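Visitor: Just one file: start24.txt, with compact mmCIF, C-alpha atoms and all ligand atoms.
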```txt
# COMPACT_ATOMS: atom_id res chain seq x y z
CA MET A 1 -3.41 -1.00 4.62
CA GLY A 2 -6.75 -1.58 3.00
CA PRO A 3 -8.29 -3.49 0.13
CA PRO A 4 -7.78 -2.40 -3.48
CA GLY A 5 -9.75 0.79 -3.95
CA ALA A 6 -9.73 1.76 -0.26
CA GLY A 7 -7.98 5.03 -1.10
CA LYS A 8 -4.46 4.22 0.06
CA GLY A 9 -2.70 6.02 -2.77
CA THR A 10 -4.89 9.11 -2.46
CA GLN A 11 -4.29 9.45 1.26
CA ALA A 12 -0.61 8.53 0.99
CA VAL A 13 0.10 11.49 -1.26
CA ARG A 14 -1.50 13.85 1.24
CA LEU A 15 0.29 12.40 4.23
CA SER A 16 3.55 12.56 2.35
CA GLU A 17 3.05 16.30 1.84
CA GLN A 18 1.91 16.95 5.41
CA TYR A 19 4.78 15.06 6.97
CA GLY A 20 7.46 15.89 4.42
CA ILE A 21 8.33 12.26 3.88
CA PRO A 22 8.25 10.19 0.69
CA ALA A 23 5.25 7.96 -0.01
CA ILE A 24 6.64 4.71 -1.32
CA ALA A 25 4.00 2.81 -3.28
CA THR A 26 5.15 -0.59 -4.46
CA GLY A 27 2.28 -0.79 -6.97
CA ASP A 28 3.33 2.53 -8.53
CA ILE A 29 6.94 1.38 -8.75
CA PHE A 30 5.89 -1.86 -10.45
CA ARG A 31 3.63 0.05 -12.87
CA SER A 32 6.37 2.48 -13.85
CA ASN A 33 8.78 -0.41 -14.43
CA ILE A 34 6.16 -2.10 -16.60
CA LYS A 35 5.65 1.09 -18.58
CA GLU A 36 9.39 1.59 -19.10
CA GLN A 37 9.78 -2.10 -19.93
CA THR A 38 12.68 -2.52 -17.52
CA PRO A 39 13.80 -6.11 -16.79
CA LEU A 40 11.78 -5.99 -13.55
CA GLY A 41 8.76 -4.63 -15.42
CA VAL A 42 8.93 -7.33 -18.05
CA GLU A 43 9.21 -9.95 -15.33
CA VAL A 44 6.19 -8.80 -13.32
CA LYS A 45 3.78 -7.54 -15.98
CA ALA A 46 1.66 -10.68 -16.31
CA ILE A 47 1.51 -11.10 -12.54
CA VAL A 48 0.38 -7.54 -11.88
CA ASP A 49 -2.13 -7.57 -14.76
CA ALA A 50 -3.71 -10.72 -13.36
CA GLY A 51 -3.98 -9.16 -9.91
CA ASP A 52 -1.60 -11.59 -8.23
CA TYR A 53 1.12 -10.58 -5.81
CA VAL A 54 4.64 -10.22 -7.09
CA PRO A 55 6.89 -12.79 -5.37
CA ASP A 56 8.09 -11.63 -1.95
CA THR A 57 11.77 -11.86 -2.85
CA LEU A 58 11.36 -9.35 -5.69
CA THR A 59 9.12 -7.02 -3.72
CA ASN A 60 11.32 -7.10 -0.62
CA ALA A 61 14.45 -6.32 -2.61
CA LEU A 62 12.68 -3.44 -4.31
CA VAL A 63 11.62 -1.90 -1.00
CA ALA A 64 15.05 -2.44 0.57
CA SER A 65 16.76 -0.51 -2.17
CA ARG A 66 14.12 2.22 -2.20
CA LEU A 67 14.51 2.77 1.54
CA GLU A 68 18.23 3.35 1.01
CA GLU A 69 17.51 6.47 -1.05
CA PRO A 70 18.49 9.64 0.80
CA ASP A 71 14.95 11.04 0.91
CA ALA A 72 13.81 8.17 3.13
CA VAL A 73 16.39 8.79 5.84
CA GLY A 74 14.12 11.05 7.91
CA GLY A 75 11.09 8.82 7.63
CA PHE A 76 8.80 7.35 5.03
CA LEU A 77 5.29 6.15 4.36
CA LEU A 78 4.76 2.75 2.77
CA ASP A 79 1.70 2.32 0.54
CA GLY A 80 0.89 -1.25 -0.40
CA TYR A 81 3.75 -2.85 1.52
CA PRO A 82 4.00 -5.13 3.44
CA ARG A 83 1.17 -7.25 2.08
CA THR A 84 2.18 -10.73 3.21
CA LEU A 85 3.40 -12.15 6.51
CA GLU A 86 6.74 -12.85 4.89
CA GLN A 87 7.03 -9.20 3.89
CA VAL A 88 6.23 -8.19 7.47
CA ALA A 89 9.09 -10.35 8.77
CA TYR A 90 11.45 -8.99 6.14
CA LEU A 91 10.57 -5.38 6.88
CA ASP A 92 10.98 -5.95 10.61
CA GLU A 93 14.53 -7.15 10.07
CA LEU A 94 15.37 -4.51 7.53
CA LEU A 95 14.33 -1.73 9.91
CA ALA A 96 15.80 -3.35 13.00
CA ARG A 97 19.19 -3.41 11.31
CA ASP A 98 19.12 0.40 11.39
CA GLY A 99 17.55 0.53 14.83
CA GLN A 100 14.26 1.61 13.27
CA SER A 101 10.68 0.38 13.53
CA LEU A 102 7.26 1.41 12.30
CA ASN A 103 5.45 4.17 14.19
CA ALA A 104 1.98 3.24 13.03
CA VAL A 105 -0.04 1.21 10.58
CA ILE A 106 -3.09 2.89 9.14
CA GLN A 107 -5.91 0.66 8.05
CA LEU A 108 -8.43 2.25 5.69
CA VAL A 109 -11.72 0.48 6.16
CA ALA A 110 -14.18 0.43 3.27
CA ASP A 111 -16.86 -2.07 2.41
CA GLN A 112 -16.71 -4.23 -0.67
CA ASP A 113 -19.50 -2.56 -2.65
CA GLU A 114 -17.89 0.85 -2.27
CA VAL A 115 -14.41 -0.26 -3.30
CA VAL A 116 -15.71 -2.16 -6.32
CA SER A 117 -17.62 0.88 -7.52
CA ARG A 118 -14.53 3.09 -7.04
CA LEU A 119 -12.37 0.66 -9.01
CA ARG A 120 -14.93 0.50 -11.85
CA LYS A 121 -14.84 4.26 -12.03
CA ARG A 122 -11.04 4.31 -12.02
CA ALA A 123 -10.99 1.65 -14.74
CA ILE A 124 -12.78 4.11 -17.01
CA GLU A 125 -10.71 7.13 -15.94
CA GLN A 126 -7.22 5.64 -15.78
CA GLY A 127 -7.45 2.43 -17.76
CA ARG A 128 -5.26 0.44 -15.40
CA THR A 129 -4.82 -2.99 -16.95
CA ASP A 130 -5.50 -4.65 -13.57
CA ASP A 131 -8.85 -2.88 -13.16
CA THR A 132 -10.82 -5.35 -15.30
CA GLU A 133 -13.81 -6.96 -13.56
CA GLU A 134 -11.98 -10.25 -13.32
CA ALA A 135 -8.74 -8.80 -11.99
CA ILE A 136 -10.62 -6.64 -9.47
CA ARG A 137 -12.41 -9.68 -8.08
CA HIS A 138 -9.18 -11.63 -7.99
CA ARG A 139 -7.27 -8.84 -6.21
CA GLN A 140 -9.93 -8.75 -3.53
CA GLN A 141 -9.59 -12.46 -2.94
CA VAL A 142 -5.81 -12.23 -2.80
CA TYR A 143 -6.07 -9.32 -0.34
CA LEU A 144 -8.43 -11.30 1.85
CA ARG A 145 -6.23 -14.37 1.85
CA GLU A 146 -2.73 -12.88 1.97
CA THR A 147 -3.06 -9.46 3.56
CA THR A 148 -5.91 -9.45 6.08
CA PRO A 149 -3.84 -11.61 8.50
CA LEU A 150 -1.52 -8.60 8.86
CA ILE A 151 -4.29 -6.65 10.58
CA ALA A 152 -4.09 -8.94 13.60
CA VAL A 153 -0.29 -8.88 13.61
CA TYR A 154 -0.07 -5.10 13.72
CA GLY A 155 -3.09 -4.94 16.00
CA ASP A 156 -1.32 -7.14 18.54
CA ARG A 157 1.68 -4.84 18.39
CA GLY A 158 -0.53 -1.88 19.18
CA LEU A 159 0.40 -0.18 15.92
CA LEU A 160 -2.90 -0.38 14.09
CA ILE A 161 -4.99 2.73 13.53
CA GLU A 162 -8.37 1.93 12.05
CA VAL A 163 -9.81 4.74 9.96
CA ASP A 164 -13.17 4.85 8.20
CA GLY A 165 -12.32 5.17 4.50
CA LEU A 166 -15.82 6.09 3.36
CA GLY A 167 -16.93 9.57 2.43
CA ASP A 168 -15.08 12.65 1.18
CA ILE A 169 -11.37 12.42 0.52
CA ASP A 170 -10.86 15.47 2.78
CA ASP A 171 -12.89 13.91 5.57
CA VAL A 172 -10.83 10.73 5.42
CA SER A 173 -7.63 12.82 5.49
CA SER A 174 -8.84 14.66 8.59
CA ARG A 175 -9.64 11.38 10.29
CA VAL A 176 -6.17 10.04 9.51
CA ALA A 177 -4.51 13.25 10.68
CA SER A 178 -6.35 13.36 14.00
CA ALA A 179 -5.75 9.67 14.65
CA LEU A 180 -2.01 10.19 14.10
CA GLU A 181 -1.97 13.32 16.26
CA ALA A 182 -3.77 11.45 19.02
CA ARG A 183 -0.77 9.13 19.07
CA GLY A 184 1.71 11.92 19.13
CA ILE A 185 2.72 11.35 15.53
CA VAL A 186 2.96 14.89 14.20
CA PRO A 187 4.86 16.52 11.34
CA VAL A 188 8.35 17.65 12.29
CA ALA A 189 8.54 21.44 12.10
CA SER A 190 10.86 22.52 9.30
N1 LIG B 201 3.69 -5.55 -1.41
C1 LIG B 201 3.40 -6.16 -2.56
N2 LIG B 201 3.59 -7.48 -2.71
C2 LIG B 201 3.31 -8.10 -3.85
N3 LIG B 201 2.83 -7.50 -4.92
C3 LIG B 201 2.60 -6.18 -4.86
C4 LIG B 201 2.89 -5.44 -3.67
N4 LIG B 201 2.58 -4.14 -3.90
C5 LIG B 201 2.09 -4.07 -5.14
N5 LIG B 201 2.12 -5.29 -5.74
C6 LIG B 201 1.65 -5.60 -7.11
O1 LIG B 201 1.19 -4.39 -7.72
C7 LIG B 201 -0.23 -4.46 -7.97
C8 LIG B 201 -0.85 -3.10 -7.80
O2 LIG B 201 -0.67 -2.65 -6.49
P1 LIG B 201 -1.41 -1.35 -5.96
O3 LIG B 201 -1.04 -1.17 -4.53
O4 LIG B 201 -1.17 -0.23 -6.87
O5 LIG B 201 -2.92 -1.74 -6.14
P2 LIG B 201 -4.06 -2.24 -5.19
O6 LIG B 201 -3.75 -2.13 -3.73
O7 LIG B 201 -4.48 -3.55 -5.67
O8 LIG B 201 -5.18 -1.23 -5.51
P3 LIG B 201 -5.23 0.33 -5.20
O9 LIG B 201 -4.33 1.01 -6.16
O10 LIG B 201 -6.66 0.59 -5.46
O11 LIG B 201 -4.85 0.58 -3.78
C9 LIG B 201 -0.74 -5.54 -7.03
O12 LIG B 201 -1.96 -6.11 -7.46
C10 LIG B 201 0.45 -6.53 -7.10
O13 LIG B 201 0.45 -7.25 -8.29
MG MG B 202 -3.04 2.28 -4.91
```
Take the structure in the file and write it out as structure tokens.
Guide:
Amino acid sequence: MGPPGAGKGTQAVRLSEQYGIPAIATGDIFRSNIKEQTPLGVEVKAIVDAGDYVPDTLTNALVASRLEEPDAVGGFLLDGYPRTLEQVAYLDELLARDGQSLNAVIQLVADQDEVVSRLRKRAIEQGRTDDTEEAIRHRQQVYLRETTPLIAVYGDRGLLIEVDGLGDIDDVSSRVASALEARGIVPVAS
């Protein structure tokens, strides 16, 4: 978890390699569908470009089918999901059906000025159509309204790991790794 620009995607890729589990990023899946102009992509393009959340029903179904892929059987990392209380409830049920549950929720903490400056930089480098000034501001508001309540939910469950998202990418990765280790969440030897 973390606001747009907190570094979720960057850290997710690293964790995915360290733990040998897929990083499942709903935003990436939406973007690739938009690029390929699939029916889903066509349906969500305007929503994603504006920085709004895709309706829960669509997002939930997408995650459910992705988690059925064989590579997710031994574990997975979700990046950018769940983002609403309804998605939390859906995921709980989905996992419970298979006798599974989340091991941890990592919250990347970064202040607003820092994330805005990162997103401005990315706008120039990657040209994401939702990295316009207006969409950035809007995404922050949506995050604040829809997603910050999840912090308390996972905090109450004792799952939340707060990690300082500022500074070097490597430093943040080390912080995440030691926080997970401290909870006994370590890569399975292969
Ligand atoms: N769980 C979700 N629920 C609803 N919409 C989602 C969800 N995940 C992604 N999206 C859609 O995809 C867009 C991009 O998501 P993504 O996670 O890539 O970006 P972000 O968190 O806003 O920023 P960043 O890439 O900097 O972390 C969101 O703004 C939203 O429109
Ligand atoms: Mg991302």
Visitor: Check which residues fall inside 9 Å of ligand LIG 201 (chain B) when counting all atoms listed in the file, and print them as a PyMOL selection string.
Guide: chain A and resi 1-10+25-31+44-56+58-60+63+79-84+87+115+118-119+122+130-131+135-136+139-140+142-143
Visitor: Distance CA of Arg120 in chain A-CA of Ser32 in chain A, one decimal place?
Guide: 21.5 Å
Visitor: Within 9 Å of range 158-163 of chain A, counting all atoms listed in the file, which residues qualify if same-chain residues fewer than 4 places away don't, as an MDAnalysis selection string?
Guide: chainID A and resid 102:109 151:154 172 175:176 179:180
Visitor: Could you jot down the CA of Glu86 in chain A to CA of Asp113 in chain A separation for me, Å, one decimal place?
Guide: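 Separation of CA of Glu86 in chain A and CA of Asp113 in chain A: 29.2 Å.
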